[in-house]
file data33.tsv (TSV, C-alpha atoms and all ligand atoms)
chain	number	residue	atom	x	y	z
Y	3	MET	CA	3.29	3.18	8.48
Y	4	LYS	CA	1.61	3.90	5.16
Y	5	ASP	CA	-2.02	4.96	4.77
Y	6	ILE	CA	-4.28	3.41	2.16
Y	7	GLY	CA	-7.59	5.07	1.36
Y	8	ILE	CA	-10.53	2.94	0.24
Y	9	VAL	CA	-12.20	4.61	-2.76
Y	10	GLY	CA	-15.40	3.59	-4.50
Y	11	MET	CA	-18.95	4.42	-5.50
Y	12	PRO	CA	-21.69	4.12	-2.85
Y	13	PHE	CA	-22.70	0.46	-2.30
Y	14	SER	CA	-19.57	-0.91	-3.95
Y	15	GLY	CA	-18.70	-2.59	-0.66
Y	16	LYS	CA	-16.08	-0.26	0.81
Y	17	SER	CA	-17.35	-0.44	4.36
Y	18	THR	CA	-17.87	-4.19	4.09
Y	19	LEU	CA	-14.25	-4.61	2.99
Y	20	PHE	CA	-13.21	-2.28	5.78
Y	21	THR	CA	-15.13	-4.39	8.31
Y	22	ALA	CA	-13.27	-7.47	7.10
Y	23	LEU	CA	-9.96	-5.63	7.51
Y	24	THR	CA	-10.92	-4.41	10.98
Y	25	ARG	CA	-11.83	-7.88	12.16
Y	26	ALA	CA	-8.58	-9.24	10.79
Y	27	GLY	CA	-6.52	-6.44	12.30
Y	28	SER	CA	-7.21	-3.80	14.89
Y	29	ALA	CA	-9.07	-0.52	14.72
Y	30	GLY	CA	-6.46	2.19	14.54
Y	31	GLY	CA	-7.59	4.76	17.06
Y	32	ARG	CA	-10.47	6.06	15.00
Y	33	SER	CA	-13.47	4.07	13.89
Y	34	HIS	CA	-12.70	4.42	10.20
Y	35	GLN	CA	-9.07	3.33	10.44
Y	36	ALA	CA	-7.80	-0.24	10.55
Y	37	VAL	CA	-4.19	-1.25	11.13
Y	38	VAL	CA	-3.49	-4.52	9.36
Y	39	GLU	CA	-0.46	-6.80	9.39
Y	40	VAL	CA	1.23	-7.41	6.04
Y	41	PRO	CA	1.42	-11.18	5.55
Y	42	ASP	CA	5.02	-12.34	5.05
Y	43	GLU	CA	5.88	-16.01	5.35
Y	44	ARG	CA	9.58	-15.22	5.74
Y	45	ILE	CA	9.02	-13.98	9.29
Y	46	ALA	CA	7.91	-17.35	10.65
Y	47	VAL	CA	10.78	-19.15	8.90
Y	48	LEU	CA	13.42	-16.86	10.38
Y	49	ALA	CA	11.75	-16.80	13.81
Y	50	VAL	CA	11.87	-20.58	14.05
Y	51	MET	CA	15.47	-20.63	12.84
Y	52	GLU	CA	16.72	-18.04	15.34
Y	53	LYS	CA	14.29	-19.02	18.13
Y	54	SER	CA	12.90	-15.49	18.30
Y	55	ARG	CA	10.57	-14.66	21.17
Y	56	LYS	CA	8.57	-12.18	19.09
Y	57	ARG	CA	7.43	-11.97	15.47
Y	58	VAL	CA	6.68	-8.51	14.19
Y	59	PRO	CA	5.26	-8.05	10.68
Y	60	ALA	CA	5.08	-4.78	8.78
Y	61	LYS	CA	1.75	-2.98	9.04
Y	62	VAL	CA	-0.40	-0.76	6.85
Y	63	LYS	CA	-3.37	1.39	7.76
Y	64	PHE	CA	-6.61	1.27	5.76
Y	65	VAL	CA	-8.94	4.23	5.93
Y	66	ASP	CA	-12.66	4.10	5.04
Y	67	VAL	CA	-12.84	7.83	4.42
Y	68	PRO	CA	-16.12	9.27	5.75
Y	69	GLY	CA	-18.06	10.96	3.00
Y	70	GLY	CA	-16.19	9.16	0.22
Y	71	LEU	CA	-15.56	11.29	-2.84
Y	72	THR	CA	-17.13	14.46	-1.44
Y	73	ALA	CA	-15.16	17.69	-1.09
Y	74	GLN	CA	-14.32	16.82	2.50
Y	75	GLY	CA	-13.48	13.20	1.76
Y	76	ILE	CA	-11.23	14.16	-1.13
Y	77	GLY	CA	-9.18	16.29	1.23
Y	78	GLU	CA	-8.52	13.18	3.32
Y	79	PHE	CA	-7.73	11.03	0.28
Y	80	ARG	CA	-5.06	13.56	-0.64
Y	81	GLN	CA	-3.18	12.62	2.55
Y	82	MET	CA	-3.06	8.93	1.63
Y	83	ASP	CA	-0.04	7.06	0.30
Y	84	ALA	CA	-2.06	4.78	-1.96
Y	85	LEU	CA	-5.66	4.14	-2.99
Y	86	CYS	CA	-7.61	0.90	-2.91
Y	87	MET	CA	-10.43	1.20	-5.44
Y	88	VAL	CA	-13.46	-0.98	-4.81
Y	89	VAL	CA	-15.90	-1.63	-7.66
Y	90	ARG	CA	-19.17	-3.50	-7.39
Y	91	ALA	CA	-19.12	-6.74	-9.34
Y	92	TYR	CA	-22.02	-8.46	-7.55
Y	93	GLY	CA	-25.65	-8.19	-8.58
Y	94	ALA	CA	-27.27	-8.49	-12.00
Y	95	ASP	CA	-26.75	-4.83	-12.89
Y	96	ALA	CA	-23.06	-4.72	-11.91
Y	97	ASP	CA	-20.79	-2.77	-14.25
Y	98	PRO	CA	-17.33	-2.96	-12.66
Y	99	LYS	CA	-15.51	-1.65	-15.75
Y	100	GLY	CA	-17.82	1.32	-16.10
Y	101	GLU	CA	-17.58	1.99	-12.39
Y	102	LEU	CA	-13.79	2.00	-12.49
Y	103	ALA	CA	-13.87	4.38	-15.46
Y	104	SER	CA	-16.21	6.72	-13.55
Y	105	LEU	CA	-13.97	6.61	-10.50
Y	106	GLU	CA	-10.97	7.53	-12.61
Y	107	VAL	CA	-12.88	10.47	-14.07
Y	108	GLU	CA	-13.78	11.68	-10.57
Y	109	LEU	CA	-10.18	11.49	-9.45
Y	110	VAL	CA	-8.99	13.27	-12.60
Y	111	LEU	CA	-11.55	16.06	-12.09
Y	112	ALA	CA	-10.53	16.47	-8.45
Y	113	ASP	CA	-6.89	16.80	-9.53
Y	114	LEU	CA	-7.83	19.19	-12.32
Y	115	ALA	CA	-9.54	21.49	-9.83
Y	116	SER	CA	-6.56	21.60	-7.48
Y	117	VAL	CA	-4.03	21.97	-10.32
Y	118	GLU	CA	-6.01	24.90	-11.76
Y	119	ASN	CA	-6.15	26.48	-8.36
Y	120	GLY	CA	-2.42	25.93	-7.89
Y	121	LEU	CA	-1.63	27.34	-11.34
Y	122	ASP	CA	-3.35	30.63	-10.57
Y	123	LYS	CA	-1.28	31.06	-7.43
Y	124	ALA	CA	1.99	29.88	-8.95
Y	125	ARG	CA	1.60	32.22	-11.94
Y	126	LYS	CA	1.13	35.18	-9.63
Y	127	LYS	CA	4.15	34.13	-7.59
Y	128	SER	CA	6.26	33.72	-10.73
Y	129	ARG	CA	5.97	37.46	-11.25
Y	130	GLY	CA	7.10	38.14	-7.68
Y	131	ALA	CA	10.09	37.61	-5.43
Y	132	GLN	CA	10.53	33.82	-5.62
Y	133	ALA	CA	10.13	33.85	-9.40
Y	134	ASN	CA	12.49	30.98	-10.26
Y	135	GLU	CA	11.00	28.48	-7.88
Y	136	ALA	CA	7.50	29.45	-8.94
Y	137	ARG	CA	8.34	29.12	-12.63
Y	138	ALA	CA	9.38	25.47	-12.09
Y	139	GLU	CA	6.10	24.96	-10.27
Y	140	VAL	CA	4.16	26.54	-13.13
Y	141	ALA	CA	5.89	24.25	-15.62
Y	142	ALA	CA	4.99	21.10	-13.68
Y	143	LEU	CA	1.43	22.26	-13.13
Y	144	GLU	CA	0.97	23.16	-16.80
Y	145	GLN	CA	2.18	19.73	-17.86
Y	146	ALA	CA	-0.19	18.14	-15.33
Y	147	HIS	CA	-3.05	20.34	-16.50
Y	148	ALA	CA	-2.67	19.22	-20.12
Y	149	LEU	CA	-2.82	15.56	-19.11
Y	150	LEU	CA	-5.79	15.97	-16.81
Y	151	GLU	CA	-7.71	17.98	-19.39
Y	152	ALA	CA	-7.29	15.04	-21.75
Y	153	GLU	CA	-8.82	12.92	-18.93
Y	154	ARG	CA	-5.54	11.11	-18.35
Y	155	PRO	CA	-4.25	10.26	-14.87
Y	156	LEU	CA	-0.98	11.88	-13.79
Y	157	THR	CA	0.68	8.47	-13.50
Y	158	GLU	CA	0.84	8.58	-17.32
Y	159	GLY	CA	2.97	11.70	-17.29
Y	160	THR	CA	6.75	11.84	-17.14
Y	161	PHE	CA	7.63	14.33	-14.43
Y	162	ASP	CA	11.13	14.96	-13.21
Y	163	GLU	CA	11.82	14.70	-9.50
Y	164	ALA	CA	11.06	18.36	-8.85
Y	165	GLY	CA	7.81	18.18	-10.81
Y	166	HIS	CA	6.80	15.03	-9.00
Y	167	LYS	CA	7.44	16.76	-5.71
Y	168	VAL	CA	5.29	19.75	-6.68
Y	169	LEU	CA	2.38	17.51	-7.64
Y	170	SER	CA	2.58	15.25	-4.61
Y	171	GLY	CA	2.66	18.44	-2.56
Y	172	TYR	CA	-0.83	19.08	-3.93
Y	173	GLY	CA	-1.81	15.55	-2.86
Y	174	ALA	CA	-2.57	14.68	-6.49
Y	175	LEU	CA	-4.84	11.63	-6.39
Y	176	THR	CA	-4.03	10.24	-9.82
Y	177	LEU	CA	-0.33	10.30	-9.01
Y	178	LYS	CA	-0.79	7.85	-6.16
Y	179	PRO	CA	-0.32	4.13	-6.61
Y	180	TRP	CA	-3.60	2.27	-6.67
Y	181	ILE	CA	-5.00	-1.23	-6.78
Y	182	VAL	CA	-8.46	-2.37	-7.82
Y	183	VAL	CA	-10.65	-4.76	-5.89
Y	184	ALA	CA	-13.65	-6.27	-7.68
Y	185	ASN	CA	-16.28	-7.06	-5.07
Y	186	VAL	CA	-17.91	-10.16	-6.54
Y	187	ALA	CA	-20.86	-12.24	-5.28
Y	188	GLU	CA	-20.02	-15.04	-2.85
Y	189	GLU	CA	-20.82	-17.69	-5.45
Y	190	ASP	CA	-18.43	-16.04	-7.94
Y	191	ALA	CA	-15.52	-15.57	-5.56
Y	192	ALA	CA	-13.91	-18.87	-6.56
Y	193	SER	CA	-14.03	-18.26	-10.32
Y	194	GLY	CA	-11.75	-15.23	-10.52
Y	195	ALA	CA	-12.21	-11.81	-12.05
Y	196	PRO	CA	-15.57	-10.98	-13.58
Y	197	ASP	CA	-15.92	-11.52	-17.31
Y	198	GLY	CA	-13.75	-9.25	-19.38
Y	199	PHE	CA	-12.62	-7.26	-16.41
Y	200	VAL	CA	-8.92	-6.85	-16.89
Y	201	GLY	CA	-6.32	-4.59	-15.39
Y	202	GLY	CA	-5.21	-6.82	-12.56
Y	203	ALA	CA	-8.29	-6.39	-10.39
Y	204	ILE	CA	-8.36	-8.62	-7.32
Y	205	PRO	CA	-11.66	-10.47	-7.09
Y	206	ILE	CA	-12.95	-11.04	-3.59
Y	207	SER	CA	-16.33	-11.21	-1.93
Y	208	ALA	CA	-16.18	-8.48	0.68
Y	209	ALA	CA	-19.25	-9.83	2.47
Y	210	LEU	CA	-17.76	-13.32	2.72
Y	211	GLU	CA	-14.38	-11.95	3.81
Y	212	ALA	CA	-16.09	-9.95	6.55
Y	213	GLU	CA	-17.88	-13.10	7.68
Y	214	VAL	CA	-14.76	-15.27	7.84
Y	215	ALA	CA	-12.42	-12.60	9.21
Y	216	GLY	CA	-13.69	-13.13	12.74
Y	217	LEU	CA	-13.51	-16.94	12.59
Y	218	ASP	CA	-10.65	-19.25	13.49
Y	219	ASP	CA	-8.83	-20.98	10.64
Y	220	ALA	CA	-10.80	-24.24	10.73
Y	221	GLU	CA	-14.19	-22.52	10.75
Y	222	ALA	CA	-13.10	-20.13	8.04
Y	223	ALA	CA	-11.86	-22.99	5.86
Y	224	GLU	CA	-15.21	-24.76	6.21
Y	225	LEU	CA	-17.25	-21.70	5.27
Y	226	LEU	CA	-14.95	-20.79	2.36
Y	227	GLY	CA	-14.86	-24.42	1.22
Y	228	GLY	CA	-18.64	-24.27	0.81
Y	229	PHE	CA	-18.03	-21.69	-1.94
Y	230	GLY	CA	-15.11	-23.61	-3.44
Y	231	ILE	CA	-12.55	-21.13	-2.11
Y	232	GLU	CA	-9.28	-22.33	-0.62
Y	233	GLU	CA	-8.16	-19.37	1.42
Y	234	ARG	CA	-9.14	-15.96	2.70
Y	235	GLY	CA	-8.78	-13.31	0.01
Y	236	LEU	CA	-8.03	-10.44	2.32
Y	237	ASP	CA	-4.32	-11.24	2.46
Y	238	ARG	CA	-4.14	-10.80	-1.31
Y	239	VAL	CA	-5.61	-7.32	-1.02
Y	240	VAL	CA	-3.23	-6.32	1.77
Y	241	ALA	CA	-0.21	-7.76	-0.02
Y	242	ALA	CA	-1.14	-6.07	-3.32
Y	243	CYS	CA	-1.57	-2.68	-1.62
Y	244	TYR	CA	1.78	-3.07	0.07
Y	245	ARG	CA	3.45	-3.98	-3.24
Y	246	ALA	CA	1.87	-0.98	-4.96
Y	247	LEU	CA	3.51	1.35	-2.45
Y	248	ASP	CA	6.93	0.81	-4.02
Y	249	LEU	CA	8.51	-0.13	-0.72
Y	250	ILE	CA	10.98	-2.85	-0.07
Y	251	THR	CA	10.98	-5.07	2.97
Y	252	PHE	CA	14.12	-5.89	4.85
Y	253	LEU	CA	14.32	-8.13	7.87
Y	254	THR	CA	16.11	-8.35	11.19
Y	255	THR	CA	16.28	-11.52	13.20
Y	256	GLY	CA	17.61	-12.69	16.54
Y	257	GLU	CA	16.56	-14.23	19.84
Y	258	ASP	CA	14.63	-11.14	20.80
Y	259	GLU	CA	12.53	-10.80	17.66
Y	260	THR	CA	12.23	-11.40	13.95
Y	261	ARG	CA	10.83	-8.35	12.28
Y	262	ALA	CA	9.91	-7.02	8.85
Y	263	TRP	CA	10.67	-3.36	8.15
Y	264	GLU	CA	9.62	-1.17	5.27
Y	265	VAL	CA	11.81	1.34	3.51
Y	266	ARG	CA	11.58	3.35	0.31
Y	267	ARG	CA	12.90	1.48	-2.74
Y	268	GLY	CA	16.40	2.77	-3.48
Y	269	ALA	CA	17.20	3.62	0.15
Y	270	LYS	CA	20.81	3.25	1.30
Y	271	ALA	CA	21.82	1.28	4.38
Y	272	PRO	CA	21.89	4.23	6.83
Y	273	GLU	CA	18.33	5.25	5.84
Y	274	ALA	CA	17.16	1.67	6.43
Y	275	ALA	CA	18.96	1.67	9.78
Y	276	GLY	CA	17.09	4.87	10.62
Y	277	VAL	CA	13.77	3.08	10.15
Y	278	ILE	CA	14.77	0.83	13.05
Y	279	HIS	CA	16.01	3.68	15.23
Y	280	THR	CA	17.42	7.14	14.61
Y	281	ASP	CA	20.48	6.20	16.72
Y	282	LEU	CA	21.31	3.46	14.23
Y	283	GLN	CA	21.31	5.99	11.41
Y	284	ARG	CA	23.30	8.63	13.28
Y	285	GLY	CA	25.87	6.15	14.55
Y	286	PHE	CA	25.87	3.91	11.48
Y	287	ILE	CA	29.20	2.15	10.94
Y	288	ARG	CA	28.39	-0.74	8.63
Y	289	ALA	CA	25.75	-3.36	7.93
Y	290	GLU	CA	26.15	-7.12	7.87
Y	291	VAL	CA	23.89	-8.30	5.04
Y	292	VAL	CA	22.70	-11.66	3.83
Y	293	GLY	CA	19.88	-12.36	1.37
Y	294	TYR	CA	16.90	-14.21	2.86
Y	295	ASP	CA	17.35	-17.27	0.61
Y	296	ASP	CA	21.06	-17.54	1.40
Y	297	LEU	CA	20.35	-17.27	5.10
Y	298	VAL	CA	17.69	-19.98	4.99
Y	299	GLY	CA	20.04	-22.13	2.90
Y	300	ALA	CA	22.76	-21.75	5.52
Y	301	GLY	CA	20.37	-22.74	8.31
Y	302	SER	CA	21.16	-19.95	10.76
Y	303	TRP	CA	22.79	-16.53	11.10
Y	304	ASP	CA	25.86	-18.07	12.78
Y	305	SER	CA	26.36	-20.69	10.14
Y	306	ALA	CA	25.87	-18.07	7.39
Y	307	LYS	CA	28.64	-16.14	9.08
Y	308	GLY	CA	30.79	-19.27	9.31
Y	309	LYS	CA	30.31	-19.94	5.62
Y	310	GLY	CA	31.32	-16.41	4.73
Y	311	LEU	CA	27.86	-15.53	3.38
Y	312	LEU	CA	27.54	-12.30	5.37
Y	313	ARG	CA	28.58	-9.30	3.34
Y	314	VAL	CA	29.89	-6.22	5.08
Y	315	GLU	CA	28.37	-3.14	3.46
Y	316	GLY	CA	28.93	0.55	4.05
Y	317	LYS	CA	26.98	3.78	3.77
Y	318	ASP	CA	26.56	3.58	0.00
Y	319	TYR	CA	24.91	0.18	-0.03
Y	320	THR	CA	21.42	0.17	-1.56
Y	321	VAL	CA	19.24	-2.17	0.51
Y	322	GLY	CA	17.58	-4.95	-1.48
Y	323	GLU	CA	14.22	-6.70	-1.08
Y	324	GLY	CA	14.56	-9.53	1.42
Y	325	ASP	CA	17.92	-8.45	2.79
Y	326	VAL	CA	18.46	-9.57	6.36
Y	327	LEU	CA	20.45	-6.88	8.13
Y	328	ASN	CA	22.51	-6.51	11.24
Y	329	ILE	CA	23.45	-2.88	11.77
Y	330	ARG	CA	26.72	-2.03	13.47
Y	331	PHE	CA	26.62	1.39	15.08
Y	332	ALA	CA	28.13	3.55	17.77
Y	333	VAL	CA	26.59	6.58	19.47
R	1	LIG	N1	-24.96	-9.54	-1.93
R	1	LIG	C1	-23.90	-8.82	-1.56
R	1	LIG	N2	-24.09	-7.66	-0.95
R	1	LIG	C2	-23.02	-6.92	-0.59
R	1	LIG	C3	-21.71	-7.36	-0.86
R	1	LIG	N3	-20.85	-6.41	-0.43
R	1	LIG	C4	-21.61	-5.43	0.11
R	1	LIG	N4	-22.92	-5.75	0.01
R	1	LIG	C5	-24.06	-4.95	0.49
R	1	LIG	O1	-24.09	-3.71	-0.18
R	1	LIG	C6	-24.48	-2.69	0.71
R	1	LIG	C7	-23.42	-1.59	0.70
R	1	LIG	O2	-22.20	-2.10	1.19
R	1	LIG	P1	-21.16	-1.13	1.89
R	1	LIG	O3	-19.97	-1.95	2.20
R	1	LIG	O4	-21.80	-0.39	3.01
R	1	LIG	O5	-20.87	-0.15	0.67
R	1	LIG	P2	-20.13	1.26	0.66
R	1	LIG	O6	-21.18	2.27	0.39
R	1	LIG	O7	-19.20	1.14	-0.50
R	1	LIG	O8	-19.41	1.46	1.93
R	1	LIG	C8	-24.62	-3.32	2.08
R	1	LIG	O9	-25.99	-3.54	2.30
R	1	LIG	C9	-23.88	-4.62	1.94
R	1	LIG	O10	-24.43	-5.61	2.77
R	1	LIG	C10	-21.54	-8.61	-1.53
R	1	LIG	O11	-20.42	-9.07	-1.81
R	1	LIG	N5	-22.66	-9.30	-1.86
R	2	MG	MG	-19.50	2.97	3.36
call {"tool": "encode", "arguments": {"input": "data33.tsv", "output": "C-alpha cells"}}
result
Amino acid sequence: MKDIGIVGMPFSGKSTLFTALTRAGSAGGRSHQAVVEVPDERIAVLAVMEKSRKRVPAKVKFVDVPGGLTAQGIGEFRQMDALCMVVRAYGADADPKGELASLEVELVLADLASVENGLDKARKKSRGAQANEARAEVAALEQAHALLEAERPLTEGTFDEAGHKVLSGYGALTLKPWIVVANVAEEDAASGAPDGFVGGAIPISAALEAEVAGLDDAEAAELLGGFGIEERGLDRVVAACYRALDLITFLTTGEDETRAWEVRRGAKAPEAAGVIHTDLQRGFIRAEVVGYDDLVGAGSWDSAKGKGLLRVEGKDYTVGEGDVLNIRFAV
C-alpha cells in the first residue's frame, strides 16, 4: 500500500481533509493515518458478473504528518510515496496560488539542504575506496543541486535511472508525485476551482466533506444538494492521488472475490503475480489475460474463454491497465 502525505500551510485545512478521509475509511493504526479505499466502479461490475462473495478495492494510506513542514515532519514526508498539497481557498484573504508557490519553495529548500549534505559526503567518498559509485552519486547530486538552487523542483530534471535512484534514496520531496487540493468555502464548492487558479487543482470543501463523510448516501446527497453539489468530492481526491502514483490496476475475479491490485507501471506478469502472492511469482507458468472491456462485452469469464478472448501470456508480458488476470502457477 502506498503512503500519501498531506502537506500544507497551517489552517489550510489539512486536518479537516484528514478527518473526512478517516470517516470515509478507517484509521490506520495510528491516529494520524487513514487507510482509504480507492473507488473503482469496475469491481462491482465484475463481482456481479462472476457472483463474487467479496469485493476488495485497492487501498491507499493518507498521513496527516504531525508537525507539518518542521524538521521532524519533513523527515516523515521523505518516507511518503506521494504528496497531497492542500491550499486554503476559503476566506476573504485566501491566496491559494501564493500559498502553493510558498509550499513549493519550502519543499525545494528542504531538498536543497539534504542534497548539500549528501554532496559533502559523496565528494569525500569519491576520493576513497568506492570511488566509482560515489562519483555517479556526486554527478546526480550536482545536477539536482543546480536545479534546486534555481528554485526548480526535481521533477523538472532529467535524471537517468541511477540518478533517480540516488535522489529517491534521499527521500527528495520535489521528486515525488503530487496533487493539489484547493480547500474552498462550502458555498464555492459547486463552482469549481477558484478564479485563475490553474494547474489541475481539485476544488473541494474539506469542512463539508468531513461533515458528509459520516452520513449515509441519502443524507449526504441532501446536505450536498443544499450547496448545489452532486456528489462527495473526496473520491476525486483519492482517485487523483492514486493516478499520480504511476501505478496500474489489474483485476482478478471469481466466485471467491473480485479484487483490484496495484502494480508499478511497466511491470511484467510475474511481478504482478507476486503482488497477489509470492508463490504465484515463484511458480509462475503463464497468465490468462483479458481486457476489462472485452470481458464485460463477453458477459462472463467462461464466455470470454469460449469466444477465444483470453490471451495466454508468458513471463515477458507487460501488464496493462484494466487487465483481468488468471495466473497459472505451480510450486
Ligand atoms: N470556513 C471554513 N473553515 C475551514 C474550512 N476548512 C478548515 N476550516 C477551519 O480552519 C481551521 C484549520 O483547519 P485545519 O484542518 O485544522 O487546518 P490544518 O492546520 O491545515 O490542519 C479549523 O478551525 C477549521 O475548522 C473550510 O472549508 N471552511
Ligand atoms: Mg492540522
call {"tool": "axis_aligned_box", "arguments": {"input": "data33.tsv", "around": "ligand LIG 1 (chain R)", "padding_each_side": "3 Å", "output": "AutoDock Vina command-line options"}}
result
--center_x -22.6 --center_y -3.6 --center_z 0.5 --size_x 12.8 --size_y 17.8 --size_z 10.9
call {"tool": "residues_near_ligand", "arguments": {"input": "data33.tsv", "ligand": "ligand MG 2 (chain R)", "cutoff": "7 Å", "atoms": "all atoms listed in the file", "output": "PyMOL selection string"}}
result
chain Y and resi 12-13+15-17
call {"tool": "residues_around", "arguments": {"input": "data33.tsv", "residues": "Lys309 in chain Y", "least_positions_apart": "4", "cutoff": "12 Å", "atoms": "all atoms listed in the file", "output": "ChimeraX atom specification"}}
result
/Y:292,296-297,299-305,313
call {"tool": "closest_residue", "arguments": {"input": "data33.tsv", "among": "Y:Ala241, Y:Ile45, Y:Met82, Y:Ala94", "to": "ligand LIG 1 (chain R)", "atoms": "all atoms listed in the file"}}
result
Y:Ala94
call {"tool": "residues_around", "arguments": {"input": "data33.tsv", "residues": "Val240 in chain Y", "least_positions_apart": "3", "cutoff": "12 Å", "atoms": "only C-alpha atoms", "output": "ChimeraX atom specification"}}
result
/Y:4-6,8,19-20,22-23,26-27,36-42,60-64,84-86,181-183,204,234-237,243-247
call {"tool": "write_last_selection", "arguments": {"input": "data33.tsv", "atoms": "C-alpha atoms", "output": "short mmCIF file (atom, residue, chain, number, x, y, z; two decimals), in the coordinates of the input"}}
result
data_model
loop_
_atom_site.label_atom_id
_atom_site.label_comp_id
_atom_site.auth_asym_id
_atom_site.auth_seq_id
_atom_site.Cartn_x
_atom_site.Cartn_y
_atom_site.Cartn_z
CA LYS Y 4 1.61 3.90 5.16
CA ASP Y 5 -2.02 4.96 4.77
CA ILE Y 6 -4.28 3.41 2.16
CA ILE Y 8 -10.53 2.94 0.24
CA LEU Y 19 -14.25 -4.61 2.99
CA PHE Y 20 -13.21 -2.28 5.78
CA ALA Y 22 -13.27 -7.47 7.10
CA LEU Y 23 -9.96 -5.63 7.51
CA ALA Y 26 -8.58 -9.24 10.79
CA GLY Y 27 -6.52 -6.44 12.30
CA ALA Y 36 -7.80 -0.24 10.55
CA VAL Y 37 -4.19 -1.25 11.13
CA VAL Y 38 -3.49 -4.52 9.36
CA GLU Y 39 -0.46 -6.80 9.39
CA VAL Y 40 1.23 -7.41 6.04
CA PRO Y 41 1.42 -11.18 5.55
CA ASP Y 42 5.02 -12.34 5.05
CA ALA Y 60 5.08 -4.78 8.78
CA LYS Y 61 1.75 -2.98 9.04
CA VAL Y 62 -0.40 -0.76 6.85
CA LYS Y 63 -3.37 1.39 7.76
CA PHE Y 64 -6.61 1.27 5.76
CA ALA Y 84 -2.06 4.78 -1.96
CA LEU Y 85 -5.66 4.14 -2.99
CA CYS Y 86 -7.61 0.90 -2.91
CA ILE Y 181 -5.00 -1.23 -6.78
CA VAL Y 182 -8.46 -2.37 -7.82
CA VAL Y 183 -10.65 -4.76 -5.89
CA ILE Y 204 -8.36 -8.62 -7.32
CA ARG Y 234 -9.14 -15.96 2.70
CA GLY Y 235 -8.78 -13.31 0.01
CA LEU Y 236 -8.03 -10.44 2.32
CA ASP Y 237 -4.32 -11.24 2.46
CA CYS Y 243 -1.57 -2.68 -1.62
CA TYR Y 244 1.78 -3.07 0.07
CA ARG Y 245 3.45 -3.98 -3.24
CA ALA Y 246 1.87 -0.98 -4.96
CA LEU Y 247 3.51 1.35 -2.45
#
call {"tool": "closest_atom_pairs", "arguments": {"input": "data33.tsv", "of": "chain Y", "to": "ligand LIG 1 (chain R)", "cutoff": "9 Å", "atoms": "only C-alpha atoms and all ligand atoms", "output": "Markdown table"}}
result
| residue | atom | partner | partner_atom | distance |
| --- | --- | --- | --- | --- |
| Y:Ile8 | CA | R:LIG1 | O7 | 8.9 |
| Y:Val9 | CA | R:LIG1 | O7 | 8.1 |
| Y:Gly10 | CA | R:LIG1 | O7 | 6.0 |
| Y:Met11 | CA | R:LIG1 | O7 | 6.0 |
| Y:Pro12 | CA | R:LIG1 | O6 | 3.8 |
| Y:Phe13 | CA | R:LIG1 | O5 | 3.5 |
| Y:Ser14 | CA | R:LIG1 | O7 | 4.0 |
| Y:Gly15 | CA | R:LIG1 | O3 | 3.2 |
| Y:Lys16 | CA | R:LIG1 | O7 | 3.7 |
| Y:Ser17 | CA | R:LIG1 | O8 | 3.7 |
| Y:Thr18 | CA | R:LIG1 | O3 | 3.6 |
| Y:Leu19 | CA | R:LIG1 | O3 | 6.4 |
| Y:Phe20 | CA | R:LIG1 | O3 | 7.7 |
| Y:Thr21 | CA | R:LIG1 | O3 | 8.2 |
| Y:Asp66 | CA | R:LIG1 | O8 | 7.9 |
| Y:Gly70 | CA | R:LIG1 | O6 | 8.5 |
| Y:Val88 | CA | R:LIG1 | O7 | 7.5 |
| Y:Val89 | CA | R:LIG1 | O7 | 8.4 |
| Y:Arg90 | CA | R:LIG1 | N3 | 7.7 |
| Y:Ala91 | CA | R:LIG1 | O11 | 8.0 |
| Y:Tyr92 | CA | R:LIG1 | N5 | 5.8 |
| Y:Gly93 | CA | R:LIG1 | N1 | 6.8 |
| Y:Asn185 | CA | R:LIG1 | O11 | 5.6 |
| Y:Val186 | CA | R:LIG1 | O11 | 5.5 |
| Y:Ala187 | CA | R:LIG1 | O11 | 4.7 |
| Y:Glu188 | CA | R:LIG1 | O11 | 6.1 |
| Y:Ala191 | CA | R:LIG1 | O11 | 9.0 |
| Y:Ile206 | CA | R:LIG1 | O11 | 7.9 |
| Y:Ser207 | CA | R:LIG1 | O11 | 4.6 |
| Y:Ala208 | CA | R:LIG1 | O11 | 5.0 |
| Y:Ala209 | CA | R:LIG1 | O11 | 4.5 |
| Y:Leu210 | CA | R:LIG1 | O11 | 6.8 |
| Y:Glu211 | CA | R:LIG1 | O11 | 8.7 |
call {"tool": "closest_residue", "arguments": {"input": "data33.tsv", "among": "Y:Ala164, Y:Ile287, Y:Met51, Y:Val107", "to": "Glu315 in chain Y", "atoms": "all atoms listed in the file"}}
result
Y:Ile287
call {"tool": "closest_atom_pairs", "arguments": {"input": "data33.tsv", "of": "range 14-67 of chain Y", "to": "range 249-259 of chain Y", "cutoff": "8 Å", "atoms": "only C-alpha atoms", "output": "Markdown table"}}
result
| residue | atom | partner | partner_atom | distance |
| --- | --- | --- | --- | --- |
| Y:Leu48 | CA | Y:Thr255 | CA | 6.7 |
| Y:Ala49 | CA | Y:Thr255 | CA | 7.0 |
| Y:Glu52 | CA | Y:Gly256 | CA | 5.6 |
| Y:Lys53 | CA | Y:Glu257 | CA | 5.6 |
| Y:Ser54 | CA | Y:Glu257 | CA | 4.2 |
| Y:Arg55 | CA | Y:Asp258 | CA | 5.4 |
| Y:Lys56 | CA | Y:Glu259 | CA | 4.4 |
| Y:Arg57 | CA | Y:Glu259 | CA | 5.7 |
| Y:Val58 | CA | Y:Glu259 | CA | 7.2 |
call {"tool": "residues_around", "arguments": {"input": "data33.tsv", "residues": "Gly171 in chain Y", "least_positions_apart": "2", "cutoff": "12 Å", "atoms": "only C-alpha atoms", "output": "ChimeraX atom specification"}}
result
/Y:80-82,113,116-117,120,139,142-143,164-169,173-175,177-178
call {"tool": "atom_distance", "arguments": {"input": "data33.tsv", "atom1": "CA of Asp281 in chain Y", "atom2": "CA of Arg266 in chain Y"}}
result
18.9 Å
call {"tool": "atom_distance", "arguments": {"input": "data33.tsv", "atom1": "CA of Lys270 in chain Y", "atom2": "CA of Tyr319 in chain Y"}}
result
5.3 Å
call {"tool": "residues_around", "arguments": {"input": "data33.tsv", "residues": "Leu109 in chain Y", "least_positions_apart": "5", "cutoff": "9 Å", "atoms": "only C-alpha atoms", "output": "PyMOL selection string"}}
result
chain Y and resi 71+76+104+114+155+174-176
call {"tool": "atom_distance", "arguments": {"input": "data33.tsv", "atom1": "CA of Glu232 in chain Y", "atom2": "CA of Gly202 in chain Y"}}
result
20.0 Å
